[in-house]
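Asker: This is the content of final-v1.pdb (PDB, C-alpha atoms):
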```pdb
ATOM      1  CA  MET W  16     103.434  62.518  57.704  1.00  0.00           C
ATOM      2  CA  LYS W  17     100.338  64.663  57.435  1.00  0.00           C
ATOM      3  CA  ASP W  18      99.283  66.247  60.717  1.00  0.00           C
ATOM      4  CA  VAL W  19      96.264  64.700  62.420  1.00  0.00           C
ATOM      5  CA  ASP W  20      93.614  66.646  64.307  1.00  0.00           C
ATOM      6  CA  LEU W  21      93.116  66.389  68.053  1.00  0.00           C
ATOM      7  CA  GLN W  22      89.675  65.238  69.130  1.00  0.00           C
ATOM      8  CA  VAL W  23      88.599  66.474  72.561  1.00  0.00           C
ATOM      9  CA  ARG W  24      85.818  64.682  74.437  1.00  0.00           C
ATOM     10  CA  TRP W  25      84.054  65.703  77.645  1.00  0.00           C
ATOM     11  CA  LEU W  26      82.961  62.537  79.485  1.00  0.00           C
ATOM     12  CA  GLY W  27      81.426  64.047  82.613  1.00  0.00           C
ATOM     13  CA  ARG W  28      81.894  62.296  85.948  1.00  0.00           C
ATOM     14  CA  ILE W  29      82.788  58.641  85.504  1.00  0.00           C
ATOM     15  CA  LYS W  30      84.380  55.849  87.494  1.00  0.00           C
ATOM     16  CA  PHE W  31      88.142  55.470  87.308  1.00  0.00           C
ATOM     17  CA  ALA W  32      87.921  51.884  86.042  1.00  0.00           C
ATOM     18  CA  ASP W  33      85.669  52.943  83.165  1.00  0.00           C
ATOM     19  CA  ALA W  34      88.041  55.731  82.125  1.00  0.00           C
ATOM     20  CA  LEU W  35      91.009  53.361  82.316  1.00  0.00           C
ATOM     21  CA  ALA W  36      89.265  50.801  80.122  1.00  0.00           C
ATOM     22  CA  LEU W  37      88.422  53.491  77.561  1.00  0.00           C
ATOM     23  CA  GLN W  38      92.021  54.699  77.441  1.00  0.00           C
ATOM     24  CA  GLU W  39      93.323  51.173  76.934  1.00  0.00           C
ATOM     25  CA  GLU W  40      90.832  50.626  74.127  1.00  0.00           C
ATOM     26  CA  ILE W  41      91.902  53.815  72.329  1.00  0.00           C
ATOM     27  CA  VAL W  42      95.606  53.073  72.781  1.00  0.00           C
ATOM     28  CA  ALA W  43      95.153  49.587  71.319  1.00  0.00           C
ATOM     29  CA  LYS W  44      93.328  50.971  68.271  1.00  0.00           C
ATOM     30  CA  LYS W  45      95.959  53.658  67.706  1.00  0.00           C
ATOM     31  CA  ARG W  46      98.739  51.113  67.972  1.00  0.00           C
ATOM     32  CA  GLY W  47      97.132  49.081  65.219  1.00  0.00           C
ATOM     33  CA  ASP W  48      96.290  52.051  62.983  1.00  0.00           C
ATOM     34  CA  ARG W  49      98.708  54.990  62.928  1.00  0.00           C
ATOM     35  CA  SER W  50      96.277  57.027  60.820  1.00  0.00           C
ATOM     36  CA  LEU W  51      93.899  57.450  63.764  1.00  0.00           C
ATOM     37  CA  GLY W  52      93.871  60.917  65.278  1.00  0.00           C
ATOM     38  CA  ASP W  53      95.015  61.837  68.764  1.00  0.00           C
ATOM     39  CA  GLU W  54      92.470  62.343  71.544  1.00  0.00           C
ATOM     40  CA  LEU W  55      92.111  64.298  74.762  1.00  0.00           C
ATOM     41  CA  LEU W  56      89.597  62.939  77.267  1.00  0.00           C
ATOM     42  CA  LEU W  57      88.353  65.488  79.815  1.00  0.00           C
ATOM     43  CA  LEU W  58      86.357  64.302  82.821  1.00  0.00           C
ATOM     44  CA  GLU W  59      85.826  64.120  86.564  1.00  0.00           C
ATOM     45  CA  HIS W  60      86.254  61.002  88.659  1.00  0.00           C
ATOM     46  CA  GLU W  61      84.395  59.534  91.546  1.00  0.00           C
ATOM     47  CA  ALA W  62      86.766  59.654  94.540  1.00  0.00           C
ATOM     48  CA  VAL W  63      89.750  57.341  94.119  1.00  0.00           C
ATOM     49  CA  TYR W  64      93.456  57.004  94.896  1.00  0.00           C
ATOM     50  CA  THR W  65      96.031  55.837  92.373  1.00  0.00           C
ATOM     51  CA  ILE W  66      99.700  54.910  92.522  1.00  0.00           C
ATOM     52  CA  GLY W  67     102.168  54.287  89.723  1.00  0.00           C
ATOM     53  CA  ARG W  68     104.457  51.399  88.845  1.00  0.00           C
ATOM     54  CA  THR W  69     106.918  51.648  91.723  1.00  0.00           C
ATOM     55  CA  PRO W  70     107.978  49.183  94.420  1.00  0.00           C
ATOM     56  CA  ASP W  71     108.055  52.087  96.893  1.00  0.00           C
ATOM     57  CA  LYS W  72     104.562  52.389  98.379  1.00  0.00           C
ATOM     58  CA  SER W  73     105.513  54.705 101.257  1.00  0.00           C
ATOM     59  CA  SER W  74     103.404  57.538  99.831  1.00  0.00           C
ATOM     60  CA  LEU W  75     100.275  55.545 100.698  1.00  0.00           C
ATOM     61  CA  LEU W  76     100.945  55.848 104.457  1.00  0.00           C
ATOM     62  CA  ALA W  77      98.354  53.629 106.169  1.00  0.00           C
ATOM     63  CA  SER W  78      96.796  52.294 102.973  1.00  0.00           C
ATOM     64  CA  ALA W  79      94.399  50.042 104.857  1.00  0.00           C
ATOM     65  CA  HIS W  80      92.633  53.161 106.143  1.00  0.00           C
ATOM     66  CA  LEU W  81      92.219  55.054 102.882  1.00  0.00           C
ATOM     67  CA  PRO W  82      88.656  56.424 102.650  1.00  0.00           C
ATOM     68  CA  HIS W  83      88.383  55.678  98.919  1.00  0.00           C
ATOM     69  CA  PRO W  84      89.383  52.823  96.560  1.00  0.00           C
ATOM     70  CA  LEU W  85      92.997  52.420  95.443  1.00  0.00           C
ATOM     71  CA  PHE W  86      94.195  51.535  91.933  1.00  0.00           C
ATOM     72  CA  ALA W  87      97.765  50.572  91.011  1.00  0.00           C
ATOM     73  CA  ILE W  88      98.260  51.633  87.393  1.00  0.00           C
ATOM     74  CA  ASN W  89     100.844  51.829  84.616  1.00  0.00           C
ATOM     75  CA  ARG W  90     101.971  55.417  85.008  1.00  0.00           C
ATOM     76  CA  GLY W  91     105.016  56.899  86.643  1.00  0.00           C
ATOM     77  CA  GLY W  92     104.931  58.446  90.081  1.00  0.00           C
ATOM     78  CA  GLN W  93     103.680  57.959  93.592  1.00  0.00           C
ATOM     79  CA  ALA W  94     100.212  58.139  95.135  1.00  0.00           C
ATOM     80  CA  THR W  95      97.673  60.801  94.349  1.00  0.00           C
ATOM     81  CA  TYR W  96      93.958  61.453  94.793  1.00  0.00           C
ATOM     82  CA  HIS W  97      91.272  62.126  92.192  1.00  0.00           C
ATOM     83  CA  GLY W  98      87.713  63.161  92.870  1.00  0.00           C
ATOM     84  CA  PRO W  99      84.860  65.613  92.323  1.00  0.00           C
ATOM     85  CA  GLY W 100      85.996  69.178  91.713  1.00  0.00           C
ATOM     86  CA  GLN W 101      89.126  68.044  89.886  1.00  0.00           C
ATOM     87  CA  LEU W 102      89.488  68.266  86.111  1.00  0.00           C
ATOM     88  CA  MET W 103      91.121  65.141  84.728  1.00  0.00           C
ATOM     89  CA  GLY W 104      92.790  65.255  81.338  1.00  0.00           C
ATOM     90  CA  TYR W 105      93.901  62.115  79.528  1.00  0.00           C
ATOM     91  CA  PRO W 106      95.763  62.985  76.297  1.00  0.00           C
ATOM     92  CA  ILE W 107      96.170  59.913  74.105  1.00  0.00           C
ATOM     93  CA  ILE W 108      98.845  61.089  71.722  1.00  0.00           C
ATOM     94  CA  ASP W 109     101.149  59.248  69.344  1.00  0.00           C
ATOM     95  CA  LEU W 110     104.586  60.553  70.271  1.00  0.00           C
ATOM     96  CA  ARG W 111     106.012  59.062  67.087  1.00  0.00           C
ATOM     97  CA  ARG W 112     104.589  62.204  65.485  1.00  0.00           C
ATOM     98  CA  CYS W 113     106.260  64.357  68.128  1.00  0.00           C
ATOM     99  CA  GLY W 114     109.899  63.341  68.028  1.00  0.00           C
ATOM    100  CA  GLN W 115     109.493  60.434  70.466  1.00  0.00           C
ATOM    101  CA  ASP W 116     110.437  62.833  73.253  1.00  0.00           C
ATOM    102  CA  LEU W 117     108.669  62.153  76.538  1.00  0.00           C
ATOM    103  CA  HIS W 118     110.229  65.108  78.349  1.00  0.00           C
ATOM    104  CA  ARG W 119     109.037  67.482  75.657  1.00  0.00           C
ATOM    105  CA  TYR W 120     105.537  66.060  76.041  1.00  0.00           C
ATOM    106  CA  LEU W 121     105.547  66.556  79.827  1.00  0.00           C
ATOM    107  CA  ARG W 122     106.677  70.164  79.451  1.00  0.00           C
ATOM    108  CA  TRP W 123     103.891  70.697  76.895  1.00  0.00           C
ATOM    109  CA  VAL W 124     101.255  69.458  79.350  1.00  0.00           C
ATOM    110  CA  GLU W 125     102.650  71.705  82.086  1.00  0.00           C
ATOM    111  CA  GLN W 126     102.673  74.733  79.784  1.00  0.00           C
ATOM    112  CA  LEU W 127      99.099  74.071  78.709  1.00  0.00           C
ATOM    113  CA  LEU W 128      97.941  74.228  82.333  1.00  0.00           C
ATOM    114  CA  ILE W 129     100.090  77.256  83.159  1.00  0.00           C
ATOM    115  CA  GLU W 130      98.571  79.190  80.247  1.00  0.00           C
ATOM    116  CA  LEU W 131      95.065  78.128  81.244  1.00  0.00           C
ATOM    117  CA  LEU W 132      95.542  79.368  84.801  1.00  0.00           C
ATOM    118  CA  VAL W 133      96.827  82.750  83.638  1.00  0.00           C
ATOM    119  CA  ASP W 134      93.407  83.394  82.092  1.00  0.00           C
ATOM    120  CA  TYR W 135      91.899  83.056  85.583  1.00  0.00           C
ATOM    121  CA  GLY W 136      94.362  85.374  87.283  1.00  0.00           C
ATOM    122  CA  ILE W 137      96.545  82.601  88.703  1.00  0.00           C
ATOM    123  CA  THR W 138     100.302  82.816  88.199  1.00  0.00           C
ATOM    124  CA  ALA W 139     101.571  79.245  88.075  1.00  0.00           C
ATOM    125  CA  SER W 140     104.925  77.725  87.189  1.00  0.00           C
ATOM    126  CA  ARG W 141     107.053  74.592  87.046  1.00  0.00           C
ATOM    127  CA  ARG W 142     109.465  73.522  89.774  1.00  0.00           C
ATOM    128  CA  GLU W 143     112.873  72.074  89.050  1.00  0.00           C
ATOM    129  CA  SER W 144     112.873  68.250  89.007  1.00  0.00           C
ATOM    130  CA  MET W 145     109.195  68.103  90.050  1.00  0.00           C
ATOM    131  CA  THR W 146     106.684  67.306  87.319  1.00  0.00           C
ATOM    132  CA  GLY W 147     103.454  69.225  87.820  1.00  0.00           C
ATOM    133  CA  VAL W 148     102.211  72.799  88.144  1.00  0.00           C
ATOM    134  CA  TRP W 149     102.681  75.010  91.195  1.00  0.00           C
ATOM    135  CA  VAL W 150     101.467  78.297  92.613  1.00  0.00           C
ATOM    136  CA  GLY W 151     104.400  79.376  94.724  1.00  0.00           C
ATOM    137  CA  GLN W 152     105.100  76.367  96.960  1.00  0.00           C
ATOM    138  CA  ARG W 153     101.558  75.008  96.576  1.00  0.00           C
ATOM    139  CA  LYS W 154     100.710  72.292  94.059  1.00  0.00           C
ATOM    140  CA  ILE W 155      97.646  72.923  91.915  1.00  0.00           C
ATOM    141  CA  ALA W 156      98.039  70.225  89.247  1.00  0.00           C
ATOM    142  CA  SER W 157      99.594  66.765  89.218  1.00  0.00           C
ATOM    143  CA  ILE W 158     100.885  64.976  86.132  1.00  0.00           C
ATOM    144  CA  GLY W 159     101.531  61.262  85.703  1.00  0.00           C
ATOM    145  CA  VAL W 160     101.746  59.545  82.341  1.00  0.00           C
ATOM    146  CA  GLY W 161     102.098  56.089  80.930  1.00  0.00           C
ATOM    147  CA  VAL W 162     103.496  55.336  77.467  1.00  0.00           C
ATOM    148  CA  ARG W 163     102.879  52.188  75.412  1.00  0.00           C
ATOM    149  CA  HIS W 164     104.619  51.876  72.063  1.00  0.00           C
ATOM    150  CA  TRP W 165     105.052  55.679  72.099  1.00  0.00           C
ATOM    151  CA  ILE W 166     101.337  56.295  72.688  1.00  0.00           C
ATOM    152  CA  THR W 167     100.509  58.222  75.857  1.00  0.00           C
ATOM    153  CA  MET W 168      97.791  57.555  78.403  1.00  0.00           C
ATOM    154  CA  HIS W 169      96.857  58.910  81.844  1.00  0.00           C
ATOM    155  CA  GLY W 170      97.758  62.595  82.126  1.00  0.00           C
ATOM    156  CA  PHE W 171      96.946  65.463  84.467  1.00  0.00           C
ATOM    157  CA  ALA W 172      94.684  66.376  87.367  1.00  0.00           C
ATOM    158  CA  LEU W 173      93.899  70.077  87.890  1.00  0.00           C
ATOM    159  CA  ASN W 174      92.377  71.001  91.241  1.00  0.00           C
ATOM    160  CA  VAL W 175      89.506  73.317  90.349  1.00  0.00           C
ATOM    161  CA  CYS W 176      87.290  73.360  93.425  1.00  0.00           C
ATOM    162  CA  GLY W 177      85.961  71.112  96.157  1.00  0.00           C
ATOM    163  CA  ASP W 178      87.404  69.192  99.091  1.00  0.00           C
ATOM    164  CA  LEU W 179      91.184  68.753  99.279  1.00  0.00           C
ATOM    165  CA  SER W 180      91.162  66.829 102.576  1.00  0.00           C
ATOM    166  CA  PRO W 181      91.516  63.355 100.912  1.00  0.00           C
ATOM    167  CA  PHE W 182      95.104  64.332 100.076  1.00  0.00           C
ATOM    168  CA  THR W 183      95.917  64.246 103.811  1.00  0.00           C
ATOM    169  CA  TYR W 184      95.658  60.434 103.826  1.00  0.00           C
ATOM    170  CA  ILE W 185      98.673  60.109 101.513  1.00  0.00           C
ATOM    171  CA  VAL W 186     101.972  61.809 100.683  1.00  0.00           C
ATOM    172  CA  PRO W 187     100.814  63.445  97.433  1.00  0.00           C
ATOM    173  CA  CYS W 188     103.127  62.405  94.588  1.00  0.00           C
ATOM    174  CA  GLY W 189     105.620  61.292  97.247  1.00  0.00           C
ATOM    175  CA  ILE W 190     106.510  64.898  98.173  1.00  0.00           C
ATOM    176  CA  ASN W 191     106.682  65.365 101.926  1.00  0.00           C
ATOM    177  CA  ASN W 192     104.903  68.366 103.443  1.00  0.00           C
ATOM    178  CA  VAL W 193     103.481  69.501 100.116  1.00  0.00           C
ATOM    179  CA  ALA W 194     100.527  71.898 100.317  1.00  0.00           C
ATOM    180  CA  MET W 195      97.788  71.158  97.795  1.00  0.00           C
ATOM    181  CA  THR W 196      95.738  74.024  96.447  1.00  0.00           C
ATOM    182  CA  SER W 197      92.979  74.682  93.906  1.00  0.00           C
ATOM    183  CA  MET W 198      91.729  77.420  91.624  1.00  0.00           C
ATOM    184  CA  GLU W 199      88.949  78.099  94.098  1.00  0.00           C
ATOM    185  CA  LYS W 200      91.353  78.323  97.029  1.00  0.00           C
ATOM    186  CA  GLU W 201      93.790  80.601  95.215  1.00  0.00           C
ATOM    187  CA  THR W 202      91.217  83.104  93.980  1.00  0.00           C
ATOM    188  CA  GLY W 203      88.218  82.793  96.305  1.00  0.00           C
ATOM    189  CA  GLY W 204      86.069  82.468  93.191  1.00  0.00           C
ATOM    190  CA  ALA W 205      83.527  79.837  92.203  1.00  0.00           C
ATOM    191  CA  PHE W 206      84.399  77.575  89.278  1.00  0.00           C
ATOM    192  CA  SER W 207      82.662  74.863  87.318  1.00  0.00           C
ATOM    193  CA  VAL W 208      84.785  71.913  86.228  1.00  0.00           C
ATOM    194  CA  LEU W 209      82.827  71.826  82.964  1.00  0.00           C
ATOM    195  CA  ASP W 210      83.582  75.493  82.252  1.00  0.00           C
ATOM    196  CA  ILE W 211      87.294  74.943  82.908  1.00  0.00           C
ATOM    197  CA  ALA W 212      87.201  71.878  80.658  1.00  0.00           C
ATOM    198  CA  ARG W 213      85.706  73.951  77.826  1.00  0.00           C
ATOM    199  CA  ALA W 214      88.408  76.587  78.232  1.00  0.00           C
ATOM    200  CA  LEU W 215      91.112  73.919  78.241  1.00  0.00           C
ATOM    201  CA  GLU W 216      89.662  72.325  75.112  1.00  0.00           C
ATOM    202  CA  LYS W 217      90.041  75.568  73.166  1.00  0.00           C
ATOM    203  CA  LEU W 218      93.589  76.042  74.409  1.00  0.00           C
ATOM    204  CA  ALA W 219      94.616  72.453  73.676  1.00  0.00           C
ATOM    205  CA  LEU W 220      93.328  72.655  70.107  1.00  0.00           C
ATOM    206  CA  ASP W 221      95.334  75.822  69.628  1.00  0.00           C
ATOM    207  CA  ARG W 222      98.532  74.541  71.271  1.00  0.00           C
ATOM    208  CA  VAL W 223      98.761  70.985  69.950  1.00  0.00           C
ATOM    209  CA  ILE W 224     100.794  72.273  67.017  1.00  0.00           C
ATOM    210  CA  ASP W 225     103.517  73.265  69.523  1.00  0.00           C
ATOM    211  CA  LEU W 226     103.894  69.624  70.494  1.00  0.00           C
ATOM    212  CA  ARG W 227     104.030  68.366  66.934  1.00  0.00           C
ATOM    213  CA  THR W 228     106.486  70.971  65.689  1.00  0.00           C
ATOM    214  CA  VAL W 229     109.661  69.159  66.696  1.00  0.00           C
ATOM    215  CA  HIS W 230     113.032  70.826  66.248  1.00  0.00           C
ATOM    216  CA  ALA W 231     115.813  68.252  66.128  1.00  0.00           C
ATOM    217  CA  ALA W 232     114.123  66.140  68.803  1.00  0.00           C
ATOM    218  CA  ARG W 233     116.221  63.192  69.889  1.00  0.00           C
ATOM    219  CA  PRO W 234     114.391  59.845  70.290  1.00  0.00           C
ATOM    220  CA  MET W 235     114.463  58.339  73.758  1.00  0.00           C
ATOM    221  CA  ASN W 236     113.964  54.758  74.920  1.00  0.00           C
ATOM    222  CA  VAL W 237     110.577  54.309  76.583  1.00  0.00           C
TER     223      VAL W 237
END
```
What is this file in structure tokens?
Answerer:
Amino acid sequence: MKDVDLQVRWLGRIKFADALALQEEIVAKKRGDRSLGDELLLLEHEAVYTIGRTPDKSSLLASAHLPHPLFAINRGGQATYHGPGQLMGYPIIDLRRCGQDLHRYLRWVEQLLIELLVDYGITASRRESMTGVWVGQRKIASIGVGVRHWITMHGFALNVCGDLSPFTYIVPCGINNVAMTSMEKETGGAFSVLDIARALEKLALDRVIDLRTVHAARPMNV
């Protein structure tokens, strides 16, 4: 199948519900028409908590006292926080073009963020059995995806700047005693979410070929 370009869109700061509705609309269109290109939505959210499709809600702690709205959504993983100062990335990608390999996709998202951070003097890495991106023992980016008919939605949250205190109301991603960090906190520099989004756009357009070049990928049941 001929490769399809990746369209990247900057949406600014929007409500979580609006971004969710847009993702669902794009996924539905792509399901009906495989010729449609993949997309990457970049944005900020108004303050919100989300939790994935799990019966274990312990990561919410005292959910009745959360300072911001809570959404239960169709991604994997435990509770997390999204808000101003955080770059959200929602890749909507047809994994049927990428070997139908969800693990490969997750590693691609992690690598994209690791390479981005290097350009800002931040040495980040993966941690064994823990999806996301870390600076030492501190978590700088969370990843949680949903897949419908091999089309991805949801994605990553990179802490760029701003207030990290809302994370203290939950157990972030269900990891006890995790320290959350940001680009601002790690470097002492000042960053614009829009500027980081522009840098990520360039990198994503360059690296999407790495995801689509599949070497003997083995399909998985999703």
Asker: For a quick check of understanding, using only C-alpha atoms, which of W:Met168, W:Leu218, W:Val186, W:Ala156 has the smallest distance to Glu39 (chain W)?
Answerer: W:Met168
Asker: Hey, can you check how far CA of Leu209 (chain W) sits from CA of Glu130 (chain W)?
Answerer: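 Taking CA of Leu209 (chain W) and CA of Glu130 (chain W), their separation equals 17.6 Å.
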Asker: Counting all atoms listed in the file, figure out which residue out of W:Leu57, W:Val208, W:Met145, W:Leu85 gets nearest to Phe171 (chain W).
Answerer: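 Counting all atoms listed in the file, the residue closest to Phe171 (chain W) is W:Leu57.
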Asker: Mind running region 89-181 of chain W against region 58-69 of chain W at 7 Å and telling me each contacting residue's nearest atom pair with the distance in Å (one decimal), counting all atoms listed in the file, chain and number ascending, as CSV?
Answerer:
```
residue,atom,partner,partner_atom,distance
W:Asn89,CA,W:Arg68,CA,5.6
W:Arg90,CA,W:Gly67,CA,4.9
W:Gly91,CA,W:Gly67,CA,4.9
W:Gly92,CA,W:Gly67,CA,5.0
W:Gln93,CA,W:Ile66,CA,5.1
W:Ala94,CA,W:Ile66,CA,4.2
W:Thr95,CA,W:Thr65,CA,5.6
W:Tyr96,CA,W:Tyr64,CA,4.5
W:His97,CA,W:Val63,CA,5.4
W:Gly98,CA,W:Ala62,CA,4.0
W:Pro99,CA,W:Glu59,CA,6.0
W:Gln101,CA,W:Glu59,CA,6.1
W:Leu102,CA,W:Glu59,CA,5.6
W:Met103,CA,W:Leu58,CA,5.2
W:Gly104,CA,W:Leu58,CA,6.7
```
Asker: Of the candidates W:Pro181, W:Gly203, W:Leu132, W:Arg122, which one gets nearest to Ser144 (chain W) if we count only C-alpha atoms?
Answerer: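 Under the stated criterion, the closest residue is W:Arg122.
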Asker: In Å, how far is it from CA of Gly114 (chain W) to CA of Leu35 (chain W)?
Answerer: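 Pair CA of Gly114 (chain W) / CA of Leu35 (chain W) returns 25.7 Å.
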Asker: Could you list, as an NGL selection string, every residue matched by the PyMOL selection byres ((chain W and resi 43-54) around 12) in this structure?
Answerer: :W and (16-25 or 36-42 or 55-57 or 104-113 or 162-170 or 216 or 219-220 or 223 or 226-227)
Asker: May I have the selected residues written with C-alpha atoms, as a CSV table (one decimal), in the coordinates of the input?
Answerer:
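Final output, out-v8.csv:
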```csv
chain,number,residue,atom,x,y,z
W,16,MET,CA,103.4,62.5,57.7
W,17,LYS,CA,100.3,64.7,57.4
W,18,ASP,CA,99.3,66.2,60.7
W,19,VAL,CA,96.3,64.7,62.4
W,20,ASP,CA,93.6,66.6,64.3
W,21,LEU,CA,93.1,66.4,68.1
W,22,GLN,CA,89.7,65.2,69.1
W,23,VAL,CA,88.6,66.5,72.6
W,24,ARG,CA,85.8,64.7,74.4
W,25,TRP,CA,84.1,65.7,77.6
W,36,ALA,CA,89.3,50.8,80.1
W,37,LEU,CA,88.4,53.5,77.6
W,38,GLN,CA,92.0,54.7,77.4
W,39,GLU,CA,93.3,51.2,76.9
W,40,GLU,CA,90.8,50.6,74.1
W,41,ILE,CA,91.9,53.8,72.3
W,42,VAL,CA,95.6,53.1,72.8
W,55,LEU,CA,92.1,64.3,74.8
W,56,LEU,CA,89.6,62.9,77.3
W,57,LEU,CA,88.4,65.5,79.8
W,104,GLY,CA,92.8,65.3,81.3
W,105,TYR,CA,93.9,62.1,79.5
W,106,PRO,CA,95.8,63.0,76.3
W,107,ILE,CA,96.2,59.9,74.1
W,108,ILE,CA,98.8,61.1,71.7
W,109,ASP,CA,101.1,59.2,69.3
W,110,LEU,CA,104.6,60.6,70.3
W,111,ARG,CA,106.0,59.1,67.1
W,112,ARG,CA,104.6,62.2,65.5
W,113,CYS,CA,106.3,64.4,68.1
W,162,VAL,CA,103.5,55.3,77.5
W,163,ARG,CA,102.9,52.2,75.4
W,164,HIS,CA,104.6,51.9,72.1
W,165,TRP,CA,105.1,55.7,72.1
W,166,ILE,CA,101.3,56.3,72.7
W,167,THR,CA,100.5,58.2,75.9
W,168,MET,CA,97.8,57.6,78.4
W,169,HIS,CA,96.9,58.9,81.8
W,170,GLY,CA,97.8,62.6,82.1
W,216,GLU,CA,89.7,72.3,75.1
W,219,ALA,CA,94.6,72.5,73.7
W,220,LEU,CA,93.3,72.7,70.1
W,223,VAL,CA,98.8,71.0,70.0
W,226,LEU,CA,103.9,69.6,70.5
W,227,ARG,CA,104.0,68.4,66.9
```
Asker: Select, counting only C-alpha atoms, all protein, DNA and RNA residues no farther than 7 Å from (89.0, 71.5, 93.6) in file coordinates, and express the selection as a VMD selection string.
Answerer: chain W and resid 100 to 101 174 to 179 197 to 199
Asker: How many Å lie between CA of Trp149 (chain W) and CA of Leu81 (chain W), rounded to one decimal?
Answerer: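 Pair CA of Trp149 (chain W) / CA of Leu81 (chain W) returns 25.4 Å.
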Asker: My list of candidates is W:Gly151, W:Gly161, W:Gly204, W:Pro82. Which is closest to Gly136 (chain W) when distances are computed with only C-alpha atoms?
Answerer: W:Gly204
Asker: Rank W:Ala34, W:Thr183, W:Asn192, W:Leu131 by their smallest atom-to-atom distance to Arg213 (chain W), using all atoms listed in the file, and report the top residue only.
Answerer: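 Among the listed residues, the smallest separation from Arg213 (chain W) belongs to W:Leu131.
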Asker: Neighbours of Thr146 (chain W) within 10 Å (all atoms listed in the file; same-chain residues fewer than 3 positions away dropped), as a list of chain:residue names?
Answerer: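 In the requested format, the answer is W:Gly92, W:His118, W:Leu121, W:Arg122, W:Val124, W:Glu125, W:Arg141, W:Arg142, W:Glu143, W:Trp149, W:Ala156, W:Ser157, W:Ile158, W:Gly159, W:Cys188.
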